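**Student:** Take this structure first; my questions come after.
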Amino acid sequence: MTDIKSMTTEELRKLMEELGEKPFRGGQIYSWLHSRLAVSWEDMTDLSKALREKLRKYPITSLETAGEQVSALDGTRKYLFRLADGNVIESVLMRYKHGNSVCISSQAGCRMGCRFCASAIGGRIRNLAASEMLDQIYRIQTLTGERVSNVVVMGTGEPLDNYDQLLRFIRILTGEGGLQISQRNVTVSTCGLVPQIYRLAEEKLQITLAISLHAPNDEKRRMLMPIARKYSMEEVLEACRSYFEKTGRRITFEYSLVAGVNDGEEDARELGEKLRGLNCHVNLIPVNPIKERDFRRSDRIVVQKFKINLEKYVRNVTLRREMGSDIDGACGQLRRSYLDRS
Ligand code: SAH
């Protein structure tokens with residue numbers, strides 16, 4: 001099926017030609033979809049009625065709000081969206097002083113199986129189309145009437161396991177004629193799919209790559225993340241070095257602190273030694289406990305100690321500010337609780 005909202009301007013121009021229309025109609029439609037955020041053919045008032053009639057056979061994806069939670073603490077909003085096929089996904093809007101950031105999902109479910117992650121339970125249902133990734137941002141911008149300036153692909157799913165649609169999504173989101181969000185304000189987070197990291201390095205993008213590391217060595221990483229059985233930490237770090245060389249973009253490493261598992265002094269030292277010399281930024285986040293597993297978050301003092309120890313090796317270490325902790329669900333828990341209920 002032709003998914004109009006996942007098409008580039010060029011592709012739309014070609015489609016118009018095939019339909020016996022002037023190619024520039026393609027540009028008009030693109031702008032309606034990606035800049036004016038139209039949700040139906042009827043919206044596109046500068047297309048003739050006859051043309052709109054002709055185009056009606058192409059459905060335009062749109063999301064239905066299936067749930068919403070607002071944090072009383074910081075105004076963070078979590079949305080549960082229903083896709084055309086009935087699957088639900090979750091997206092989060094975070095309001096910072098420097099602008100609005102949206103965290104989007106890249107798949108319905110996920111097949112990476114990280115032990116601490118709510119999205120892994122139930123596995124992957126399907127990939128999202130580029131249009132469905134875009135729609136999460138478009139919908140939130142329309143619902144709130146506020147501009148989105150930052151996008152993080154850190155919701156449900158492994159973005160590099162949905163590579164082609166992800167790339168399409170990034171190009172439409174940051175390219176001419178759409179919302180034109182700066183690539184520097186787009187972050188893609190991966191559990192570390194090594195071949196795709198090399199491939200991404202060749203795409204000439206200025207996005208930030210975030211790697212979910214979560215452990216100081218392979219042994220511990222394998223306990224938390226099944227993908228670590230496929231690619232060693234050394235292979236992941238080598239891919240990161242190459243990514244930095246190719247793109248000049250500093251890598252972000254995410255490290256979720258789990259009490260008694262990866263938060264010791266020795267862990268900080270071992271991690272520090274491996275990252276020393278790499279142009280990177282480490283983002284620490286105490287794990288969000290999920291009810292399906294008995295992982296506990298590290299105490300505040302332990303987190304501070306870990307940070308100080310790591311800073312002996314790595315210059316940029318931050319503690320991720322937690323947003324919306326009073327509402328259901330950091331990390332896929334809103335979708336999870338919805339699926340549990342229904
Ligand atoms: N699949 C991608 C992106 C989605 S997960 C990835 O693995 O990076 C986004 C981030 O949230 C990852 O760093 C992931 O490991 C982390 N995460 C998932 N569940 C979490 C939890 N319960 N507590 C803390 N971080 C979690």
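Ligands are numbered from 1 in the order shown, chains are lettered A, B, ... in the order of the structure tokens, and residues start at 1 in each chain.
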Quick check for you: according to DSSP on this backbone, which residues of range 66-208 of chain A are classed as strand (DSSP E)? Reply as a PyMOL selection string.
**Tutor:** chain A and resi 66-70+77-82+88-96+99-103+107-109+124-127+148-153+186-190+208
**Student:** Taking only C-alpha atoms and all ligand atoms into account, which residues are within 9 Å of ligand 1, as JSON, numbers by chain?
**Tutor:** {"A": [105, 106, 110, 112, 114, 115, 116, 117, 118, 119, 120, 153, 154, 155, 156, 157, 158, 159, 160, 161, 188, 189, 190, 191, 192, 210, 211, 212, 213, 214, 225, 253, 254, 255, 256, 257, 258, 285, 286, 287, 288, 289, 290, 295, 297, 330, 331, 332, 333]}
**Student:** For range 79-96 of chain A, work out the shell of residues within 6 Å, counting only C-alpha atoms and skipping chain neighbours fewer than 5 positions away, then give it as a list in words.
**Tutor:**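 The residues satisfying every condition are Leu63, Glu64, Thr65, Ala66, Gly67, Glu68, Ser101, Val102, Cys103 and Ile104 of chain A.
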**Student:** In Å, rounded to a single decimal, give me how far CA of Lys54 in chain A is from CA of Thr8 in chain A.
**Tutor:**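 It comes out at 19.8 Å.
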**Student:** Name the closest residue to Gly122 in chain A among the candidates A:Gly264, A:Pro195, A:Pro23, A:Gly109; distances are taken between atoms, counting only C-alpha atoms.
**Tutor:** A:Gly109
**Student:** For CA of Gly260 in chain A and CA of Lys307 in chain A, determine how far apart the two atoms are, in Å to one decimal place.
**Tutor:** 15.5 Å
